[in-house]
$ cat coords_17.json   # JSON, C-alpha atoms and all ligand atoms
[["chain", "number", "residue", "atom", "x", "y", "z"],
["Y", 31, "MET", "CA", -75.25, 35.72, 65.24],
["Y", 32, "LYS", "CA", -72.15, 37.89, 64.98],
["Y", 33, "LYS", "CA", -74.34, 40.63, 63.56],
["Y", 34, "MET", "CA", -76.73, 40.37, 66.51],
["Y", 35, "VAL", "CA", -73.87, 40.66, 69.00],
["Y", 36, "LEU", "CA", -72.54, 43.69, 67.17],
["Y", 37, "LEU", "CA", -75.99, 45.22, 67.10],
["Y", 38, "ALA", "CA", -76.41, 44.56, 70.82],
["Y", 39, "LEU", "CA", -73.02, 46.15, 71.52],
["Y", 40, "ALA", "CA", -73.88, 49.17, 69.40],
["Y", 41, "THR", "CA", -77.22, 49.58, 71.20],
["Y", 42, "LEU", "CA", -75.46, 49.33, 74.54],
["Y", 43, "ALA", "CA", -72.92, 51.97, 73.50],
["Y", 44, "VAL", "CA", -75.68, 54.35, 72.43],
["Y", 45, "ALA", "CA", -77.62, 53.71, 75.66],
["Y", 46, "THR", "CA", -74.51, 54.34, 77.76],
["Y", 47, "MET", "CA", -73.89, 57.57, 75.90],
["Y", 48, "ALA", "CA", -77.48, 58.58, 76.54],
["Y", 49, "ILE", "CA", -77.12, 57.99, 80.29],
["Y", 50, "GLY", "CA", -73.82, 59.86, 80.32],
["Y", 51, "GLY", "CA", -75.52, 62.59, 78.36],
["Y", 52, "THR", "CA", -78.26, 63.12, 80.93],
["Y", 53, "GLN", "CA", -75.70, 63.25, 83.75],
["Y", 54, "GLN", "CA", -74.02, 66.28, 82.26],
["Y", 55, "GLY", "CA", -76.95, 67.04, 80.03],
["Y", 56, "LEU", "CA", -77.78, 70.34, 81.63],
["Y", 57, "SER", "CA", -78.16, 72.63, 78.66],
["Y", 58, "PHE", "CA", -78.82, 76.34, 78.92],
["Y", 59, "PRO", "CA", -82.55, 76.91, 79.57],
["Y", 60, "GLU", "CA", -83.28, 79.28, 76.68],
["Y", 61, "ASP", "CA", -86.80, 79.98, 77.98],
["Y", 62, "TRP", "CA", -85.64, 81.25, 81.41],
["Y", 63, "ARG", "CA", -87.31, 84.63, 80.81],
["Y", 64, "THR", "CA", -90.69, 82.91, 81.04],
["Y", 65, "TYR", "CA", -89.88, 81.60, 84.57],
["Y", 66, "GLN", "CA", -91.22, 83.08, 87.80],
["Y", 67, "HIS", "CA", -88.96, 85.56, 89.63],
["Y", 68, "ILE", "CA", -88.41, 84.31, 93.20],
["Y", 69, "GLY", "CA", -85.84, 86.69, 94.61],
["Y", 70, "SER", "CA", -82.78, 88.85, 94.17],
["Y", 71, "LEU", "CA", -79.43, 89.36, 95.84],
["Y", 72, "ILE", "CA", -76.83, 92.10, 95.55],
["Y", 73, "ILE", "CA", -73.19, 91.46, 96.44],
["Y", 74, "THR", "CA", -71.28, 94.72, 96.36],
["Y", 75, "ASP", "CA", -67.97, 93.28, 97.63],
["Y", 76, "LYS", "CA", -65.80, 93.29, 94.50],
["Y", 77, "ASN", "CA", -63.57, 90.55, 95.94],
["Y", 78, "HIS", "CA", -66.50, 88.17, 96.33],
["Y", 79, "ALA", "CA", -66.68, 85.42, 93.67],
["Y", 80, "LEU", "CA", -70.38, 86.16, 93.21],
["Y", 81, "HIS", "CA", -70.08, 89.97, 93.03],
["Y", 82, "GLY", "CA", -73.06, 91.42, 91.16],
["Y", 83, "ILE", "CA", -76.82, 91.75, 91.07],
["Y", 84, "HIS", "CA", -78.52, 88.35, 91.07],
["Y", 85, "HIS", "CA", -82.10, 87.63, 90.03],
["Y", 86, "PHE", "CA", -83.45, 84.13, 90.68],
["Y", 87, "TYR", "CA", -86.09, 82.44, 88.49],
["Y", 88, "ILE", "CA", -87.84, 79.08, 88.76],
["Y", 89, "ASN", "CA", -89.61, 77.12, 86.02],
["Y", 90, "LYS", "CA", -93.25, 76.04, 86.30],
["Y", 91, "LYS", "CA", -92.35, 72.53, 87.43],
["Y", 92, "GLY", "CA", -90.81, 73.75, 90.69],
["Y", 93, "GLN", "CA", -93.14, 76.60, 91.61],
["Y", 94, "ASP", "CA", -95.49, 74.60, 93.82],
["Y", 95, "ALA", "CA", -92.65, 73.03, 95.82],
["Y", 96, "PHE", "CA", -91.02, 76.44, 96.20],
["Y", 97, "MET", "CA", -94.19, 78.00, 97.63],
["Y", 98, "LYS", "CA", -94.84, 75.05, 99.97],
["Y", 99, "GLY", "CA", -91.20, 74.49, 100.97],
["Y", 100, "GLU", "CA", -91.29, 70.89, 99.77],
["Y", 101, "LYS", "CA", -88.74, 68.73, 97.98],
["Y", 102, "TYR", "CA", -88.44, 69.69, 94.32],
["Y", 103, "PRO", "CA", -89.72, 67.38, 91.56],
["Y", 104, "ASP", "CA", -87.34, 66.19, 88.83],
["Y", 105, "GLY", "CA", -87.15, 68.70, 86.02],
["Y", 106, "THR", "CA", -87.24, 71.74, 88.31],
["Y", 107, "ILE", "CA", -84.86, 74.40, 86.98],
["Y", 108, "ILE", "CA", -83.70, 77.43, 88.92],
["Y", 109, "VAL", "CA", -81.73, 80.10, 87.08],
["Y", 110, "ASP", "CA", -79.66, 82.88, 88.59],
["Y", 111, "SER", "CA", -79.01, 85.72, 86.14],
["Y", 112, "VAL", "CA", -76.04, 87.70, 87.39],
["Y", 113, "TYR", "CA", -75.37, 91.28, 86.25],
["Y", 114, "GLU", "CA", -72.42, 93.56, 86.84],
["Y", 115, "ILE", "CA", -73.26, 96.50, 89.10],
["Y", 116, "GLU", "CA", -73.50, 100.03, 87.74],
["Y", 117, "GLU", "CA", -73.36, 102.49, 90.61],
["Y", 118, "ASN", "CA", -74.33, 106.10, 90.29],
["Y", 119, "GLY", "CA", -74.67, 108.24, 93.42],
["Y", 120, "GLY", "CA", -75.86, 105.41, 95.64],
["Y", 121, "ILE", "CA", -78.14, 104.00, 92.97],
["Y", 122, "LEU", "CA", -77.31, 100.43, 91.99],
["Y", 123, "ASN", "CA", -78.48, 99.17, 88.64],
["Y", 124, "GLU", "CA", -77.93, 96.12, 86.46],
["Y", 125, "GLY", "CA", -75.02, 96.54, 84.10],
["Y", 126, "ARG", "CA", -73.70, 93.99, 81.65],
["Y", 127, "LEU", "CA", -74.99, 90.43, 81.99],
["Y", 128, "ALA", "CA", -72.15, 88.46, 83.61],
["Y", 129, "PHE", "CA", -73.15, 84.80, 83.84],
["Y", 130, "PHE", "CA", -75.90, 82.30, 84.70],
["Y", 131, "PRO", "CA", -75.57, 79.72, 87.49],
["Y", 132, "VAL", "CA", -78.24, 77.05, 86.94],
["Y", 133, "MET", "CA", -79.45, 74.12, 89.02],
["Y", 134, "LYS", "CA", -81.67, 71.36, 87.63],
["Y", 135, "LYS", "CA", -83.30, 68.67, 89.74],
["Y", 136, "ASN", "CA", -82.31, 65.15, 88.75],
["Y", 137, "SER", "CA", -82.79, 62.84, 91.73],
["Y", 138, "ARG", "CA", -80.70, 60.10, 90.06],
["Y", 139, "ILE", "CA", -77.56, 62.17, 90.55],
["Y", 140, "LYS", "CA", -77.07, 61.44, 94.24],
["Y", 141, "GLU", "CA", -73.44, 62.54, 94.48],
["Y", 142, "THR", "CA", -74.39, 66.18, 93.97],
["Y", 143, "GLY", "CA", -77.52, 66.22, 96.11],
["Y", 144, "GLY", "CA", -79.96, 65.19, 93.38],
["Y", 145, "TRP", "CA", -79.29, 68.37, 91.41],
["Y", 146, "GLU", "CA", -77.21, 69.12, 88.34],
["Y", 147, "TRP", "CA", -75.13, 72.27, 88.76],
["Y", 148, "ALA", "CA", -73.66, 74.41, 86.01],
["Y", 149, "ALA", "CA", -72.89, 77.95, 85.05],
["Y", 150, "PHE", "CA", -73.26, 79.48, 81.60],
["Y", 151, "SER", "CA", -71.80, 82.54, 79.88],
["Y", 152, "PRO", "CA", -74.24, 85.23, 78.65],
["Y", 153, "ASP", "CA", -74.33, 83.54, 75.23],
["Y", 154, "GLY", "CA", -75.31, 80.20, 76.81],
["Y", 155, "LYS", "CA", -71.96, 78.37, 76.73],
["Y", 156, "MET", "CA", -71.17, 76.13, 79.71],
["Y", 157, "LEU", "CA", -68.38, 77.45, 81.92],
["Y", 158, "ASP", "CA", -65.81, 75.18, 83.53],
["Y", 159, "LYS", "CA", -67.17, 74.67, 87.06],
["Y", 160, "ASP", "CA", -66.87, 71.82, 89.52],
["Y", 161, "PRO", "CA", -70.28, 71.27, 91.20],
["Y", 162, "GLN", "CA", -68.73, 70.10, 94.50],
["Y", 163, "LYS", "CA", -66.09, 72.79, 94.81],
["Y", 164, "ASP", "CA", -67.80, 75.70, 93.08],
["Y", 165, "CYS", "CA", -71.46, 75.21, 94.08],
["Y", 166, "LEU", "CA", -72.08, 72.67, 96.85],
["Y", 167, "SER", "CA", -69.34, 74.26, 98.97],
["Y", 168, "CYS", "CA", -72.05, 76.85, 99.77],
["Y", 169, "HIS", "CA", -75.33, 75.14, 98.90],
["Y", 170, "ASP", "CA", -74.58, 72.21, 101.23],
["Y", 171, "ALA", "CA", -75.46, 74.59, 104.07],
["Y", 172, "VAL", "CA", -79.12, 74.43, 103.00],
["Y", 173, "LYS", "CA", -79.26, 70.68, 102.40],
["Y", 174, "ASP", "CA", -82.42, 70.49, 104.53],
["Y", 175, "ALA", "CA", -84.16, 72.88, 102.15],
["Y", 176, "ASP", "CA", -83.21, 70.62, 99.20],
["Y", 177, "TYR", "CA", -80.09, 72.80, 98.61],
["Y", 178, "VAL", "CA", -82.13, 75.91, 97.79],
["Y", 179, "PHE", "CA", -81.46, 79.11, 99.75],
["Y", 180, "SER", "CA", -84.37, 81.22, 98.49],
["Y", 181, "LYS", "CA", -87.70, 81.25, 100.28],
["Y", 182, "PRO", "CA", -90.95, 82.93, 99.22],
["Y", 183, "LEU", "CA", -90.77, 86.65, 100.02],
["Y", 184, "LYS", "CA", -92.99, 87.78, 102.88],
["Y", 201, "LIG", "C1", -70.24, 81.66, 98.00],
["Y", 201, "LIG", "C2", -71.38, 80.77, 98.18],
["Y", 201, "LIG", "C3", -72.09, 80.27, 96.92],
["Y", 201, "LIG", "C4", -71.53, 79.59, 95.86],
["Y", 201, "LIG", "C5", -70.08, 79.20, 95.66],
["Y", 201, "LIG", "C6", -72.63, 79.31, 94.95],
["Y", 201, "LIG", "N1", -73.81, 79.78, 95.44],
["Y", 201, "LIG", "FE1", -75.60, 79.68, 94.54],
["Y", 201, "LIG", "N2", -76.39, 80.84, 96.02],
["Y", 201, "LIG", "C7", -75.74, 81.24, 97.17],
["Y", 201, "LIG", "C8", -76.67, 81.97, 98.02],
["Y", 201, "LIG", "C9", -76.34, 82.54, 99.40],
["Y", 201, "LIG", "C10", -77.88, 82.03, 97.32],
["Y", 201, "LIG", "C11", -79.21, 82.65, 97.77],
["Y", 201, "LIG", "C12", -79.21, 84.11, 97.88],
["Y", 201, "LIG", "C13", -80.53, 84.65, 98.41],
["Y", 201, "LIG", "O1", -81.13, 84.01, 99.28],
["Y", 201, "LIG", "O2", -80.96, 85.69, 97.95],
["Y", 201, "LIG", "C14", -77.67, 81.29, 96.08],
["Y", 201, "LIG", "C15", -78.67, 81.09, 95.15],
["Y", 201, "LIG", "C16", -78.54, 80.28, 94.03],
["Y", 201, "LIG", "C17", -79.61, 79.96, 93.13],
["Y", 201, "LIG", "C18", -81.07, 80.33, 93.33],
["Y", 201, "LIG", "C19", -81.73, 79.25, 94.19],
["Y", 201, "LIG", "C20", -81.35, 79.34, 95.66],
["Y", 201, "LIG", "O3", -80.63, 78.46, 96.16],
["Y", 201, "LIG", "O4", -81.78, 80.32, 96.31],
["Y", 201, "LIG", "C21", -79.09, 79.18, 92.15],
["Y", 201, "LIG", "C22", -79.81, 78.59, 90.96],
["Y", 201, "LIG", "C23", -77.68, 79.01, 92.44],
["Y", 201, "LIG", "N3", -77.38, 79.70, 93.58],
["Y", 201, "LIG", "C24", -76.82, 78.22, 91.67],
["Y", 201, "LIG", "C25", -75.48, 78.07, 91.96],
["Y", 201, "LIG", "C26", -74.56, 77.32, 91.13],
["Y", 201, "LIG", "C27", -74.94, 76.54, 89.88],
["Y", 201, "LIG", "C28", -73.33, 77.44, 91.69],
["Y", 201, "LIG", "C29", -72.03, 76.89, 91.18],
["Y", 201, "LIG", "C30", -71.65, 77.24, 89.82],
["Y", 201, "LIG", "C31", -73.49, 78.28, 92.90],
["Y", 201, "LIG", "N4", -74.80, 78.62, 93.02],
["Y", 201, "LIG", "C32", -72.46, 78.63, 93.75],
["Y", 201, "LIG", "C33", -74.42, 80.97, 97.48],
["Y", 201, "LIG", "C34", -73.51, 80.38, 96.65]]
$ encode --input "coords_17.json" --output "structure tokens"
Amino acid sequence: MKKMVLLALATLAVATMAIGGTQQGLSFPEDWRTYQHIGSLIITDKNHALHGIHHFYINKKGQDAFMKGEKYPDGTIIVDSVYEIEENGGILNEGRLAFFPVMKKNSRIKETGGWEWAAFSPDGKMLDKDPQKDCLSCHDAVKDADYVFSKPLK
């Protein structure tokens, strides 16, 4: 009996860890280069926190919703690859890769709008970011578009 209780407790502990793991389980999407490019953004103001050239990519799961402007299905991943700007006589080009902000749809995580938010270094290590303060502070403005700013290009 004691053994069974212990076993039950151990199972519970593992299950709890698994749930916790999915909450912050956003790992770097290694295959982001196979995603569809949905837009770009250039912020030339050096004092801006997001200074750089941004390219946005969406995985297959979210492409339909993106095109139709619908709510995104769980598992949708959108990656922003941010490059430093190399300027040469009015020509702006991508310099060194700076970092990757990533959002992944997980409707169970209500407190951050049903998305997981993270940012990764160029070698795929998670940076210390607070989703509310560092991401939703801006993305809340497009809550009605399921927190996604980008729209299909005309
Ligand atoms: C200063 C405001 C601001 C902050 C802070 C911010 N973003 Fe964004 N983000 C934007 C804007 C604006 C766009 C869309 C630009 C465009 O339309 O070209 C964007 C685009 C994105 C995209 C592409 C999908 C979309 O919404 O168009 C991702 C992914 C993204 N951000 C992730 C993040 C993550 C993760 C964080 C936190 C680590 C973050 N962002 C913080 C303003 C912000």
$ closest_residue --input "coords_17.json" --among "Y:Cys165, Y:Leu157, Y:Ile68, Y:Ile121" --to "ligand LIG 201 (chain Y)" --atoms "only C-alpha atoms and all ligand atoms"
Y:Cys165
$ atom_distance --input "coords_17.json" --atom1 "CA of His169 in chain Y" --atom2 "CA of Ile139 in chain Y"
15.6 Å
$ residues_around --input "coords_17.json" --residues "range 75-81 of chain Y" --least-positions-apart "3" --cutoff "10 Å" --atoms "all atoms listed in the file" --output "number ranges by chain"
Y: 71-72, 84, 112-115, 128-129, 164
$ residues_near_ligand --input "coords_17.json" --ligand "ligand LIG 201 (chain Y)" --cutoff "9 Å" --atoms "all atoms listed in the file" --output "count of residues only"
49
$ closest_residue --input "coords_17.json" --among "Y:Glu141, Y:Asp174, Y:Gln66, Y:Lys184" --to "Gly99 in chain Y" --atoms "only C-alpha atoms"
Y:Asp174
$ closest_residue --input "coords_17.json" --among "Y:Ala171, Y:Gln93, Y:Gly105, Y:Glu116" --to "Gly144 in chain Y" --atoms "all atoms listed in the file"
Y:Gly105
$ atom_distance --input "coords_17.json" --atom1 "CA of Thr74 in chain Y" --atom2 "CA of Phe58 in chain Y"
26.4 Å
$ atom_distance --input "coords_17.json" --atom1 "CA of Trp62 in chain Y" --atom2 "CA of Glu117 in chain Y"
26.2 Å
$ build_atoms --input "coords_17.json" --residues "range 85-121 of chain Y" --atoms "N, CA and C atoms" --output "compact mmCIF listing (two decimals), in the coordinates of the input"
# COMPACT_ATOMS: atom_id res chain seq x y z
N HIS Y 85 -80.64 87.84 90.04
CA HIS Y 85 -82.10 87.63 90.03
C HIS Y 85 -82.33 86.13 89.86
N PHE Y 86 -83.19 85.58 90.71
CA PHE Y 86 -83.45 84.13 90.68
C PHE Y 86 -84.82 83.86 90.05
N TYR Y 87 -84.85 82.82 89.19
CA TYR Y 87 -86.09 82.44 88.49
C TYR Y 87 -86.29 80.94 88.56
N ILE Y 88 -87.55 80.52 88.71
CA ILE Y 88 -87.84 79.08 88.76
C ILE Y 88 -88.85 78.71 87.67
N ASN Y 89 -88.67 77.54 87.05
CA ASN Y 89 -89.61 77.12 86.02
C ASN Y 89 -90.92 76.62 86.66
N LYS Y 90 -91.91 76.39 85.83
CA LYS Y 90 -93.25 76.04 86.30
C LYS Y 90 -93.23 74.78 87.17
N LYS Y 91 -92.43 73.83 86.75
CA LYS Y 91 -92.35 72.53 87.43
C LYS Y 91 -92.05 72.67 88.93
N GLY Y 92 -91.23 73.65 89.30
CA GLY Y 92 -90.81 73.75 90.69
C GLY Y 92 -91.58 74.76 91.53
N GLN Y 93 -92.50 75.47 90.91
CA GLN Y 93 -93.14 76.60 91.61
C GLN Y 93 -93.95 76.18 92.83
N ASP Y 94 -94.66 75.08 92.71
CA ASP Y 94 -95.49 74.60 93.82
C ASP Y 94 -94.62 74.24 95.02
N ALA Y 95 -93.56 73.46 94.75
CA ALA Y 95 -92.65 73.03 95.82
C ALA Y 95 -91.99 74.24 96.47
N PHE Y 96 -91.66 75.22 95.66
CA PHE Y 96 -91.02 76.44 96.20
C PHE Y 96 -91.96 77.13 97.18
N MET Y 97 -93.22 77.30 96.79
CA MET Y 97 -94.19 78.00 97.63
C MET Y 97 -94.48 77.22 98.91
N LYS Y 98 -94.50 75.88 98.80
CA LYS Y 98 -94.84 75.05 99.97
C LYS Y 98 -93.62 74.62 100.78
N GLY Y 99 -92.42 74.89 100.27
CA GLY Y 99 -91.20 74.49 100.97
C GLY Y 99 -91.00 72.99 100.96
N GLU Y 100 -91.43 72.35 99.87
CA GLU Y 100 -91.29 70.89 99.77
C GLU Y 100 -90.09 70.52 98.91
N LYS Y 101 -89.79 69.22 98.85
CA LYS Y 101 -88.74 68.73 97.98
C LYS Y 101 -89.13 68.99 96.53
N TYR Y 102 -88.14 69.31 95.70
CA TYR Y 102 -88.44 69.69 94.32
C TYR Y 102 -88.59 68.48 93.41
N PRO Y 103 -89.57 68.50 92.50
CA PRO Y 103 -89.72 67.38 91.56
C PRO Y 103 -88.63 67.42 90.47
N ASP Y 104 -88.31 66.26 89.93
CA ASP Y 104 -87.34 66.19 88.83
C ASP Y 104 -87.80 67.12 87.70
N GLY Y 105 -86.83 67.79 87.11
CA GLY Y 105 -87.15 68.70 86.02
C GLY Y 105 -87.25 70.16 86.48
N THR Y 106 -87.24 70.36 87.80
CA THR Y 106 -87.24 71.74 88.31
C THR Y 106 -85.94 72.42 87.86
N ILE Y 107 -86.06 73.63 87.36
CA ILE Y 107 -84.86 74.40 86.98
C ILE Y 107 -84.91 75.75 87.68
N ILE Y 108 -83.80 76.10 88.32
CA ILE Y 108 -83.70 77.43 88.92
C ILE Y 108 -82.50 78.14 88.28
N VAL Y 109 -82.75 79.33 87.79
CA VAL Y 109 -81.73 80.10 87.08
C VAL Y 109 -81.40 81.35 87.89
N ASP Y 110 -80.13 81.65 87.96
CA ASP Y 110 -79.66 82.88 88.59
C ASP Y 110 -79.05 83.72 87.47
N SER Y 111 -79.65 84.87 87.15
CA SER Y 111 -79.01 85.72 86.14
C SER Y 111 -78.23 86.80 86.88
N VAL Y 112 -76.94 86.82 86.64
CA VAL Y 112 -76.04 87.70 87.39
C VAL Y 112 -75.56 88.86 86.50
N TYR Y 113 -75.76 90.08 87.00
CA TYR Y 113 -75.37 91.28 86.25
C TYR Y 113 -74.25 92.01 86.97
N GLU Y 114 -73.40 92.67 86.22
CA GLU Y 114 -72.42 93.56 86.84
C GLU Y 114 -73.19 94.73 87.44
N ILE Y 115 -72.56 95.41 88.43
CA ILE Y 115 -73.26 96.50 89.10
C ILE Y 115 -72.82 97.85 88.52
N GLU Y 116 -73.80 98.66 88.15
CA GLU Y 116 -73.50 100.03 87.74
C GLU Y 116 -73.96 100.95 88.87
N GLU Y 117 -73.01 101.64 89.48
CA GLU Y 117 -73.36 102.49 90.61
C GLU Y 117 -73.27 103.96 90.23
N ASN Y 118 -74.30 104.68 90.61
CA ASN Y 118 -74.33 106.10 90.29
C ASN Y 118 -74.98 106.85 91.45
N GLY Y 119 -74.15 107.47 92.30
CA GLY Y 119 -74.67 108.24 93.42
C GLY Y 119 -75.56 107.42 94.35
N GLY Y 120 -75.10 106.24 94.71
CA GLY Y 120 -75.86 105.41 95.64
C GLY Y 120 -76.97 104.61 94.99
N ILE Y 121 -77.13 104.78 93.69
CA ILE Y 121 -78.14 104.00 92.97
C ILE Y 121 -77.46 102.84 92.27
